[in-house]
$ cat coords-v7.txt   # compact mmCIF, C-alpha atoms
# COMPACT_ATOMS: atom_id res chain seq x y z
CA MET A 292 12.46 -10.92 16.84
CA VAL A 293 15.93 -10.12 15.50
CA SER A 294 17.09 -8.72 18.84
CA ASN A 295 16.19 -11.97 20.62
CA PHE A 296 17.99 -13.99 17.98
CA LEU A 297 21.15 -11.88 18.30
CA ASN A 298 21.12 -12.14 22.08
CA ASN A 299 20.89 -15.93 21.93
CA ILE A 300 23.79 -16.55 19.54
CA ASP A 301 26.44 -18.95 20.89
CA ILE A 302 29.50 -16.68 21.06
CA ARG A 303 32.05 -19.15 22.48
CA ASN A 304 33.71 -19.15 19.07
CA GLU A 305 35.77 -15.94 18.70
CA ASN A 306 34.97 -15.51 15.00
CA ILE A 307 31.25 -15.89 15.63
CA LYS A 308 31.53 -13.42 18.52
CA VAL A 309 32.99 -10.73 16.24
CA PHE A 310 30.29 -11.22 13.62
CA ALA A 311 27.60 -11.26 16.30
CA GLU A 312 28.80 -7.93 17.68
CA LEU A 313 28.82 -6.42 14.18
CA ALA A 314 25.33 -7.77 13.58
CA LYS A 315 24.08 -6.16 16.80
CA ILE A 316 25.60 -2.81 15.83
CA ASP A 317 24.04 -3.04 12.38
CA TYR A 318 20.66 -3.94 13.87
CA GLU A 319 20.79 -0.99 16.28
CA ILE A 320 21.72 1.42 13.45
CA VAL A 321 18.83 0.20 11.27
CA GLN A 322 16.41 0.31 14.20
CA SER A 323 17.48 3.89 14.92
CA ILE A 324 16.82 4.84 11.29
CA HIS A 325 13.36 3.26 11.41
CA GLN A 326 12.57 5.04 14.67
CA LYS A 327 13.44 8.40 13.13
CA GLU A 328 11.20 7.58 10.18
CA ILE A 329 8.32 6.73 12.50
CA LEU A 330 8.72 10.09 14.22
CA GLN A 331 8.62 11.88 10.84
CA ILE A 332 5.54 9.96 9.71
CA THR A 333 3.73 10.47 13.00
CA ASN A 334 4.37 14.22 12.94
CA TRP A 335 3.24 14.45 9.30
CA TRP A 336 0.09 12.46 10.03
CA LYS A 337 -0.72 14.60 13.08
CA ASP A 338 -0.18 17.84 11.14
CA LEU A 339 -2.38 16.57 8.33
CA GLY A 340 -5.30 16.44 10.77
CA LEU A 341 -7.21 13.62 9.06
CA ALA A 342 -7.37 11.38 12.13
CA LYS A 343 -9.10 14.16 14.05
CA GLU A 344 -11.59 15.02 11.30
CA LEU A 345 -12.31 11.54 9.92
CA LYS A 346 -13.46 9.54 12.95
CA PHE A 347 -14.80 6.76 10.70
CA ALA A 348 -11.46 6.15 8.97
CA ARG A 349 -8.47 4.06 9.95
CA ASP A 350 -5.78 5.75 12.01
CA GLN A 351 -2.76 3.46 11.60
CA PRO A 352 0.31 5.40 10.38
CA LEU A 353 2.67 3.00 12.16
CA LYS A 354 1.16 -0.02 10.44
CA TRP A 355 1.14 1.72 7.07
CA HIS A 356 4.84 2.48 7.42
CA MET A 357 5.47 -1.26 7.86
CA TRP A 358 4.74 -1.57 4.15
CA SER A 359 7.52 0.86 3.32
CA ILE A 360 9.99 -0.72 5.75
CA SER A 361 9.36 -4.17 4.28
CA VAL A 362 9.23 -3.19 0.61
CA LEU A 363 12.26 -0.87 0.62
CA ALA A 364 14.52 -2.68 3.07
CA ASP A 365 17.80 -0.95 2.17
CA PRO A 366 18.71 1.30 5.15
CA ASN A 367 19.89 3.97 2.69
CA LEU A 368 16.34 4.43 1.36
CA SER A 369 15.01 6.19 4.46
CA GLU A 370 13.78 9.28 2.62
CA GLN A 371 12.01 7.14 0.03
CA ARG A 372 10.31 5.05 2.73
CA VAL A 373 8.94 8.15 4.47
CA ASP A 374 7.67 9.61 1.19
CA LEU A 375 6.12 6.28 0.15
CA THR A 376 4.15 5.98 3.38
CA ARG A 377 2.30 9.19 2.60
CA PRO A 378 0.43 7.91 -0.50
CA ILE A 379 -0.04 4.53 1.23
CA SER A 380 -1.85 6.34 4.05
CA LEU A 381 -4.03 8.27 1.63
CA VAL A 382 -5.03 5.12 -0.28
CA TYR A 383 -6.40 3.66 2.95
CA ILE A 384 -8.15 6.91 3.91
CA ILE A 385 -9.81 7.42 0.51
CA ASP A 386 -10.81 3.74 0.50
CA ASP A 387 -12.59 4.31 3.83
CA ILE A 388 -14.33 7.40 2.47
CA PHE A 389 -15.76 5.39 -0.43
CA ASP A 390 -16.57 2.28 1.64
CA LEU A 391 -17.81 3.75 4.90
CA HIS A 392 -18.75 7.38 4.64
CA GLY A 393 -19.64 9.12 1.39
CA THR A 394 -23.01 9.18 -0.33
CA LEU A 395 -22.98 8.24 -4.01
CA ASP A 396 -23.58 11.88 -4.99
CA ASP A 397 -20.71 13.09 -2.82
CA LEU A 398 -18.41 10.34 -4.08
CA SER A 399 -19.21 11.33 -7.67
CA VAL A 400 -18.32 14.96 -6.93
CA PHE A 401 -15.15 13.87 -5.11
CA THR A 402 -14.11 11.73 -8.09
CA GLU A 403 -14.85 14.54 -10.54
CA ALA A 404 -12.70 16.91 -8.49
CA VAL A 405 -9.85 14.41 -8.66
CA ASN A 406 -10.37 13.89 -12.40
CA GLU A 407 -10.18 17.65 -12.96
CA TRP A 408 -7.50 18.02 -10.25
CA ASP A 409 -9.38 21.12 -9.15
CA PHE A 410 -10.17 21.81 -5.51
CA THR A 411 -12.84 24.40 -6.35
CA ALA A 412 -14.92 21.58 -7.86
CA ALA A 413 -15.32 20.21 -4.31
CA ASN A 414 -16.96 23.26 -2.73
CA GLN A 415 -20.25 21.42 -2.13
CA LEU A 416 -18.62 18.43 -0.41
CA PRO A 417 -18.76 17.75 3.35
CA GLU A 418 -15.82 19.20 5.27
CA SER A 419 -14.28 15.77 5.92
CA MET A 420 -14.08 15.07 2.20
CA LYS A 421 -12.72 18.53 1.43
CA ILE A 422 -9.92 18.05 3.94
CA SER A 423 -9.09 14.65 2.44
CA LEU A 424 -9.05 16.08 -1.07
CA LYS A 425 -6.76 18.94 -0.02
CA ALA A 426 -4.42 16.45 1.70
CA LEU A 427 -4.31 14.40 -1.51
CA PHE A 428 -3.52 17.41 -3.72
CA ASP A 429 -0.96 18.92 -1.34
CA THR A 430 0.81 15.61 -0.70
CA THR A 431 0.98 14.74 -4.40
CA GLU A 432 2.39 18.12 -5.31
CA SER A 433 4.90 18.03 -2.44
CA ILE A 434 6.18 14.59 -3.47
CA SER A 435 6.37 15.67 -7.11
CA THR A 436 8.47 18.70 -6.16
CA ASN A 437 10.83 16.54 -4.10
CA ILE A 438 11.28 14.08 -6.97
CA PHE A 439 11.89 16.86 -9.51
CA GLU A 440 14.52 18.48 -7.29
CA LYS A 441 16.27 15.16 -6.68
CA HIS A 442 15.97 13.41 -10.06
CA GLY A 443 15.18 16.18 -12.57
CA TRP A 444 11.83 14.71 -13.68
CA ASN A 445 8.46 16.11 -12.61
CA PRO A 446 6.11 13.12 -12.13
CA ILE A 447 3.01 15.17 -11.30
CA GLU A 448 1.11 14.03 -14.40
CA SER A 449 1.79 10.34 -13.76
CA LEU A 450 0.90 10.62 -10.06
CA GLN A 451 -2.32 12.45 -10.88
CA LYS A 452 -3.24 9.79 -13.45
CA SER A 453 -2.76 7.05 -10.86
CA TRP A 454 -5.07 8.76 -8.35
CA LYS A 455 -7.69 9.40 -11.04
CA LYS A 456 -7.70 5.72 -12.00
CA LEU A 457 -8.02 4.71 -8.34
CA CYS A 458 -10.93 7.03 -7.53
CA ASN A 459 -12.78 6.06 -10.71
CA ALA A 460 -12.40 2.39 -9.76
CA PHE A 461 -13.64 3.13 -6.23
CA LEU A 462 -16.65 4.93 -7.72
CA VAL A 463 -17.49 1.95 -9.96
CA GLU A 464 -17.61 -0.27 -6.85
CA ALA A 465 -19.70 2.30 -4.97
CA LYS A 466 -22.24 2.38 -7.82
CA TRP A 467 -22.41 -1.42 -7.90
CA PHE A 468 -23.22 -1.48 -4.19
CA ALA A 469 -25.68 1.43 -4.35
CA HIS A 470 -27.61 -0.23 -7.16
CA GLY A 471 -27.44 -3.72 -5.69
CA GLU A 472 -25.46 -5.00 -8.67
CA PHE A 473 -23.12 -7.98 -8.71
CA PRO A 474 -20.80 -7.83 -11.72
CA LYS A 475 -19.32 -10.85 -13.45
CA SER A 476 -16.25 -12.06 -11.59
CA GLU A 477 -13.93 -11.09 -14.46
CA GLU A 478 -15.34 -7.56 -14.59
CA TYR A 479 -15.04 -7.26 -10.82
CA LEU A 480 -11.41 -8.42 -10.90
CA ARG A 481 -10.45 -6.03 -13.69
CA ASN A 482 -11.77 -3.13 -11.66
CA GLY A 483 -10.53 -4.61 -8.38
CA ILE A 484 -6.94 -4.71 -9.62
CA VAL A 485 -7.14 -0.92 -9.98
CA SER A 486 -9.08 -0.34 -6.74
CA SER A 487 -6.45 -2.32 -4.80
CA GLY A 488 -4.35 0.87 -4.83
CA VAL A 489 -1.20 -1.07 -5.75
CA HIS A 490 -0.73 0.86 -8.99
CA VAL A 491 -0.78 4.18 -7.11
CA ILE A 492 1.88 3.01 -4.68
CA LEU A 493 4.17 1.40 -7.26
CA VAL A 494 4.00 4.44 -9.56
CA HIS A 495 5.05 6.63 -6.64
CA MET A 496 7.78 4.17 -5.75
CA PHE A 497 9.11 4.09 -9.32
CA PHE A 498 9.69 7.84 -9.28
CA LEU A 499 10.93 7.97 -5.68
CA LEU A 500 13.66 5.45 -6.49
CA GLY A 501 14.71 7.65 -9.40
CA GLN A 502 16.31 4.94 -11.53
CA GLY A 503 15.74 4.58 -15.27
CA ILE A 504 13.27 7.46 -15.56
CA ASN A 505 12.71 8.36 -19.21
CA LYS A 506 9.74 8.84 -21.52
CA GLU A 507 9.64 5.16 -22.49
CA THR A 508 9.65 3.80 -18.95
CA VAL A 509 7.24 6.48 -17.72
CA ASP A 510 4.75 5.63 -20.48
CA PHE A 511 5.20 1.97 -19.58
CA VAL A 512 4.58 2.42 -15.87
CA ASP A 513 1.56 4.68 -16.55
CA GLY A 514 0.01 1.92 -18.66
CA PHE A 515 -0.34 -0.71 -15.91
CA PRO A 516 2.52 -3.04 -16.94
CA PRO A 517 2.30 -6.76 -15.98
CA ILE A 518 4.66 -6.40 -12.99
CA ILE A 519 2.17 -3.94 -11.43
CA THR A 520 -1.01 -5.69 -12.62
CA LEU A 521 0.08 -9.08 -11.25
CA THR A 522 1.12 -7.63 -7.88
CA ALA A 523 -2.24 -5.87 -7.65
CA MET A 524 -4.09 -9.07 -8.61
CA ILE A 525 -2.37 -11.00 -5.81
CA LEU A 526 -3.40 -8.37 -3.27
CA ARG A 527 -6.98 -8.13 -4.51
CA LEU A 528 -7.55 -11.89 -4.57
CA TRP A 529 -5.83 -12.51 -1.25
CA ASP A 530 -7.88 -9.79 0.40
CA ASP A 531 -11.06 -11.14 -1.15
CA LEU A 532 -10.45 -14.65 0.16
CA GLY A 533 -11.72 -13.27 3.43
CA THR A 534 -8.43 -13.43 5.30
CA ALA A 535 -8.47 -9.67 5.80
CA LYS A 536 -10.53 -8.95 8.91
CA ASP A 537 -9.46 -5.38 9.31
CA GLU A 538 -10.50 -3.29 12.26
CA ASN A 539 -13.90 -1.62 11.93
CA GLN A 540 -14.07 -2.44 8.24
CA ASP A 541 -17.72 -3.27 7.68
CA GLY A 542 -17.84 -1.31 4.47
CA ASN A 543 -19.48 -1.60 1.11
CA ASP A 544 -16.75 -3.28 -0.89
CA GLY A 545 -17.62 -6.63 -2.45
CA SER A 546 -15.33 -9.52 -3.23
CA TYR A 547 -14.25 -11.67 -6.15
CA LEU A 548 -15.28 -14.75 -4.17
CA GLU A 549 -18.84 -13.47 -3.77
CA CYS A 550 -19.13 -12.56 -7.46
CA TYR A 551 -17.70 -15.92 -8.52
CA THR A 552 -20.02 -18.01 -6.32
CA ARG A 553 -23.07 -16.07 -7.57
CA GLU A 554 -21.92 -16.67 -11.12
CA HIS A 555 -21.44 -20.40 -10.47
CA SER A 556 -24.41 -21.20 -8.25
CA ASN A 557 -23.71 -24.94 -8.12
CA MET A 558 -20.19 -24.48 -6.80
CA THR A 559 -19.41 -24.84 -3.11
CA VAL A 560 -17.62 -22.04 -1.29
CA GLU A 561 -14.69 -24.36 -0.66
CA ARG A 562 -14.31 -25.07 -4.38
CA ALA A 563 -14.55 -21.36 -5.11
CA ARG A 564 -11.81 -20.66 -2.58
CA GLU A 565 -9.62 -23.28 -4.25
CA HIS A 566 -10.23 -21.51 -7.56
CA VAL A 567 -9.12 -18.17 -6.07
CA SER A 568 -6.04 -19.79 -4.53
CA GLN A 569 -5.14 -21.19 -7.94
CA LEU A 570 -5.50 -17.74 -9.50
CA ILE A 571 -3.10 -16.36 -6.88
CA SER A 572 -0.64 -19.17 -7.58
CA ASP A 573 -0.81 -18.52 -11.32
CA ALA A 574 -0.31 -14.78 -10.78
CA TRP A 575 2.77 -15.51 -8.66
CA LYS A 576 4.28 -17.67 -11.43
CA LYS A 577 3.72 -14.91 -13.98
CA LEU A 578 5.12 -12.30 -11.60
CA ASN A 579 8.27 -14.34 -11.04
CA ARG A 580 8.72 -14.64 -14.80
CA GLU A 581 8.28 -10.89 -15.21
CA CYS A 582 10.85 -10.16 -12.52
CA LEU A 583 13.39 -12.64 -13.91
CA SER A 584 13.02 -11.67 -17.57
CA ARG A 585 15.86 -9.76 -19.20
CA PRO A 586 16.19 -7.17 -20.49
CA SER A 587 13.75 -5.40 -18.19
CA PRO A 588 12.51 -1.82 -18.51
CA PHE A 589 12.78 -1.49 -14.74
CA SER A 590 15.71 -1.32 -12.34
CA SER A 591 16.47 -4.33 -10.18
CA ILE A 592 15.63 -2.37 -7.04
CA PHE A 593 12.13 -1.56 -8.36
CA THR A 594 11.60 -5.16 -9.47
CA LYS A 595 12.64 -6.46 -6.04
CA ALA A 596 10.35 -3.95 -4.33
CA CYS A 597 7.38 -5.20 -6.40
CA LEU A 598 8.19 -8.74 -5.29
CA ASN A 599 8.41 -7.54 -1.69
CA VAL A 600 4.92 -6.04 -1.94
CA ALA A 601 3.55 -9.40 -3.07
CA ARG A 602 5.50 -11.20 -0.32
CA MET A 603 4.08 -8.90 2.34
CA ILE A 604 0.44 -9.33 1.34
CA PRO A 605 -0.28 -12.52 3.34
CA LEU A 606 1.21 -10.89 6.41
CA MET A 607 -0.45 -7.48 6.14
CA TYR A 608 -3.85 -8.91 5.17
CA SER A 609 -4.06 -11.60 7.81
CA TYR A 610 -5.15 -11.20 11.41
CA ASP A 611 -4.53 -14.68 12.77
CA ASP A 612 -2.04 -15.70 15.47
CA SER A 613 0.69 -16.99 13.17
CA PRO A 614 4.32 -16.49 14.26
CA SER A 615 4.93 -14.05 11.41
CA GLN A 616 1.90 -11.98 12.39
CA GLU A 617 3.10 -11.91 16.00
CA SER A 618 6.55 -10.76 14.83
CA LEU A 619 4.95 -7.87 12.96
CA LYS A 620 2.95 -6.88 16.03
CA GLU A 621 6.06 -7.09 18.20
CA LEU A 622 7.99 -4.84 15.81
CA MET A 623 5.17 -2.31 15.82
CA ARG A 624 5.02 -2.41 19.64
CA SER A 625 8.77 -1.87 19.83
CA LEU A 626 8.72 1.12 17.50
CA ALA A 627 5.65 2.56 19.21
CA ALA A 628 7.27 2.22 22.64
CA HIS A 629 10.35 4.08 21.42
CA LEU A 630 8.16 6.78 19.89
CA GLU A 631 6.32 7.31 23.18
CA SER A 632 9.65 7.60 25.02
CA GLN A 633 10.66 10.43 22.66
CA GLN A 634 7.51 12.48 23.27
CA PRO A 635 7.74 15.43 25.71
CA HIS A 636 6.02 14.87 29.03
$ encode --input "coords-v7.txt" --output "structure tokens"
Amino acid sequence: MVSNFLNNIDIRNENIKVFAELAKIDYEIVQSIHQKEILQITNWWKDLGLAKELKFARDQPLKWHMWSISVLADPNLSEQRVDLTRPISLVYIIDDIFDLHGTLDDLSVFTEAVNEWDFTAANQLPESMKISLKALFDTTESISTNIFEKHGWNPIESLQKSWKKLCNAFLVEAKWFAHGEFPKSEEYLRNGIVSSGVHVILVHMFFLLGQGINKETVDFVDGFPPIITLTAMILRLWDDLGTAKDENQDGNDGSYLECYTREHSNMTVERAREHVSQLISDAWKKLNRECLSRPSPFSSIFTKACLNVARMIPLMYSYDDSPSQESLKELMRSLAAHLESQQPH
């Protein structure tokens, strides 16, 4: 942890001592900002009421905010981090609805309601799905209003499009499972890039950052540009390698690895895993080229954030005992402990 590192610096040199003290002050300021963000997110999540109503779904607002903290590291982006965590949370919740809870009929109605962006279309849905749909609509409209007031561009249409694409991709996977179908690996991956949810998050992030918003860049970001597609591919393939052993996630989602091994029946699982690893490596090379190419339609801060998403994937989708994973757990414990100390007794 950073605090342990700072406490163990050799400060016998006066110059190093000054810099060490400044580093400690900076660390404490940033930690204080993150703690305030956690309090905001926790209160929002509690008020939303999804954890109480959706017992089958994940309840991990602190972990979800780790994405925002890591992707948007600049301390000055506190408001953007808090707003970004809200759609991140809803991606996980809606994923659980499709994987663990909804019947195919209900999921079709849910998706149609999202496609029409009309809550009245969901009248026949179970209460848990109605509440989730209302949370999605209200959160999207709230974020859109905030962005319009701050940057003068209403992104509601782009945000709605991203959610529609996600839910339609989720529904495709649900139909595959319900009908016992195993698509070709390429077809699975095309859909899986969308169902990863990365596009939803990066579209939100693009508008939250508020840099370079114009008709050309908005049309570009709506159309799944390579910088988003490649980031999503890395997440999908890494997740599907089987490294993600998420809590209570025994759902109905398939994997690229399973589709690929069925398609190539003579191939060993180990060879198939090597193939997936090579696809991830190739996607990383292409992503680096996209981020380094000039001129770019995107701001440097957005480009860096996309890279940070890709960098975080092995950490967030791995549950082993690696040092980096332990550091993440320690940070979450530290923030959680502070949060508990701030609660009234």
$ atom_distance --input "coords-v7.txt" --atom1 "CA of Ser486 in chain A" --atom2 "CA of Leu462 in chain A"
9.3 Å
$ closest_residue --input "coords-v7.txt" --among "A:Glu370, A:Asp531, A:Glu554, A:Asp338" --to "Ile434 in chain A" --atoms "all atoms listed in the file"
A:Glu370
$ atom_distance --input "coords-v7.txt" --atom1 "CA of Phe347 in chain A" --atom2 "CA of Met524 in chain A"
27.2 Å
$ residues_around --input "coords-v7.txt" --residues "Ile492 in chain A" --least-positions-apart "4" --cutoff "7 Å" --atoms "all atoms listed in the file" --output "PyMOL selection string"
chain A and resi 378-379+488+496
$ residues_around --input "coords-v7.txt" --residues "Arg562 in chain A" --least-positions-apart "5" --cutoff "10 Å" --atoms "all atoms listed in the file" --output "PyMOL selection string"
chain A and resi 552+567-568
$ residues_near_point --input "coords-v7.txt" --point "(-6.3, 9.4, 0.7)" --cutoff "10 Å" --atoms "all atoms listed in the file" --output "PyMOL selection string"
chain A and resi 341+377-388+420+422-428+430+454+458
$ residues_near_point --input "coords-v7.txt" --point "(-22.7, 2.8, -2.2)" --cutoff "10 Å" --atoms "all atoms listed in the file" --output "PyMOL selection string"
chain A and resi 389-396+398+461-471+542-544
$ closest_residue --input "coords-v7.txt" --among "A:Leu548, A:Leu521, A:Ala460, A:Ala348" --to "Thr402 in chain A" --atoms "only C-alpha atoms"
A:Ala460
$ atom_distance --input "coords-v7.txt" --atom1 "CA of Ala563 in chain A" --atom2 "CA of Leu526 in chain A"
17.2 Å
$ residues_around --input "coords-v7.txt" --residues "Ile519 in chain A" --least-positions-apart "6" --cutoff "12 Å" --atoms "only C-alpha atoms" --output "ChimeraX atom specification"
/A:484-485,487-497,511-513,525-526,574-575,577-578,581-582,589,593-594,596-598,600-601
$ closest_residue --input "coords-v7.txt" --among "A:Phe310, A:Trp529, A:Ala404, A:Ser433" --to "Leu606 in chain A" --atoms "only C-alpha atoms"
A:Trp529
$ closest_residue --input "coords-v7.txt" --among "A:Tyr547, A:Trp335, A:Phe498, A:Phe439" --to "Phe473 in chain A" --atoms "only C-alpha atoms"
A:Tyr547
$ closest_residue --input "coords-v7.txt" --among "A:Asn557, A:Leu528, A:Ile604, A:Pro352" --to "Gln569 in chain A" --atoms "all atoms listed in the file"
A:Leu528
$ closest_residue --input "coords-v7.txt" --among "A:Leu570, A:Val405, A:Leu499, A:Ala364" --to "Lys441 in chain A" --atoms "only C-alpha atoms"
A:Leu499
$ decode --input "coords-v7.txt" --residues "range 472-494 of chain A" --atoms "N, CA, C and O atoms" --output "compact mmCIF listing (two decimals), in the first residue's frame"
# COMPACT_ATOMS: atom_id res chain seq x y z
N GLU A 472 -28.24 -23.38 -27.76
CA GLU A 472 -27.42 -23.12 -28.94
C GLU A 472 -26.00 -22.69 -28.55
O GLU A 472 -25.80 -22.01 -27.56
N PHE A 473 -25.05 -23.12 -29.36
CA PHE A 473 -23.67 -22.66 -29.22
C PHE A 473 -23.25 -22.00 -30.53
O PHE A 473 -23.04 -22.69 -31.53
N PRO A 474 -23.16 -20.68 -30.55
CA PRO A 474 -22.83 -19.99 -31.80
C PRO A 474 -21.38 -20.24 -32.20
O PRO A 474 -20.57 -20.72 -31.40
N LYS A 475 -21.05 -19.89 -33.42
CA LYS A 475 -19.65 -19.90 -33.84
C LYS A 475 -18.89 -18.91 -32.97
O LYS A 475 -19.44 -17.91 -32.52
N SER A 476 -17.62 -19.19 -32.74
CA SER A 476 -16.83 -18.35 -31.83
C SER A 476 -16.80 -16.89 -32.30
O SER A 476 -16.87 -15.97 -31.48
N GLU A 477 -16.71 -16.67 -33.61
CA GLU A 477 -16.67 -15.29 -34.12
C GLU A 477 -17.98 -14.57 -33.85
O GLU A 477 -17.99 -13.38 -33.49
N GLU A 478 -19.09 -15.26 -34.04
CA GLU A 478 -20.40 -14.67 -33.77
C GLU A 478 -20.55 -14.36 -32.29
O GLU A 478 -21.05 -13.30 -31.90
N TYR A 479 -20.10 -15.31 -31.46
CA TYR A 479 -20.16 -15.09 -30.01
C TYR A 479 -19.34 -13.86 -29.62
O TYR A 479 -19.80 -13.02 -28.83
N LEU A 480 -18.15 -13.72 -30.18
CA LEU A 480 -17.26 -12.62 -29.81
C LEU A 480 -17.83 -11.28 -30.26
O LEU A 480 -17.74 -10.29 -29.52
N ARG A 481 -18.40 -11.25 -31.46
CA ARG A 481 -19.01 -10.00 -31.93
C ARG A 481 -20.09 -9.52 -30.96
O ARG A 481 -20.15 -8.35 -30.62
N ASN A 482 -20.93 -10.45 -30.54
CA ASN A 482 -21.98 -10.09 -29.59
C ASN A 482 -21.39 -9.83 -28.20
O ASN A 482 -21.83 -8.92 -27.48
N GLY A 483 -20.38 -10.63 -27.84
CA GLY A 483 -19.78 -10.51 -26.51
C GLY A 483 -19.07 -9.19 -26.29
O GLY A 483 -18.98 -8.70 -25.16
N ILE A 484 -18.53 -8.61 -27.34
CA ILE A 484 -17.89 -7.29 -27.23
C ILE A 484 -18.93 -6.27 -26.79
O ILE A 484 -18.64 -5.40 -25.95
N VAL A 485 -20.16 -6.38 -27.29
CA VAL A 485 -21.23 -5.47 -26.89
C VAL A 485 -21.71 -5.80 -25.48
O VAL A 485 -21.87 -4.92 -24.63
N SER A 486 -21.91 -7.11 -25.20
CA SER A 486 -22.45 -7.50 -23.90
C SER A 486 -21.45 -7.34 -22.76
O SER A 486 -21.81 -7.49 -21.60
N SER A 487 -20.20 -7.01 -23.08
CA SER A 487 -19.22 -6.73 -22.02
C SER A 487 -19.60 -5.48 -21.23
O SER A 487 -19.19 -5.31 -20.07
N GLY A 488 -20.39 -4.60 -21.84
CA GLY A 488 -20.79 -3.36 -21.16
C GLY A 488 -19.77 -2.24 -21.29
O GLY A 488 -20.03 -1.11 -20.84
N VAL A 489 -18.63 -2.51 -21.88
CA VAL A 489 -17.56 -1.51 -21.98
C VAL A 489 -18.03 -0.29 -22.78
O VAL A 489 -17.74 0.85 -22.41
N HIS A 490 -18.75 -0.54 -23.87
CA HIS A 490 -19.22 0.57 -24.70
C HIS A 490 -20.11 1.52 -23.89
O HIS A 490 -19.97 2.75 -23.97
N VAL A 491 -21.01 0.97 -23.08
CA VAL A 491 -21.88 1.79 -22.25
C VAL A 491 -21.06 2.71 -21.35
O VAL A 491 -21.30 3.92 -21.27
N ILE A 492 -20.06 2.13 -20.70
CA ILE A 492 -19.26 2.90 -19.74
C ILE A 492 -18.42 3.95 -20.44
O ILE A 492 -18.33 5.10 -19.98
N LEU A 493 -17.80 3.60 -21.56
CA LEU A 493 -16.92 4.55 -22.23
C LEU A 493 -17.71 5.67 -22.92
O LEU A 493 -17.22 6.80 -23.03
N VAL A 494 -18.92 5.38 -23.38
CA VAL A 494 -19.77 6.45 -23.92
C VAL A 494 -20.13 7.43 -22.81
O VAL A 494 -20.05 8.66 -22.99
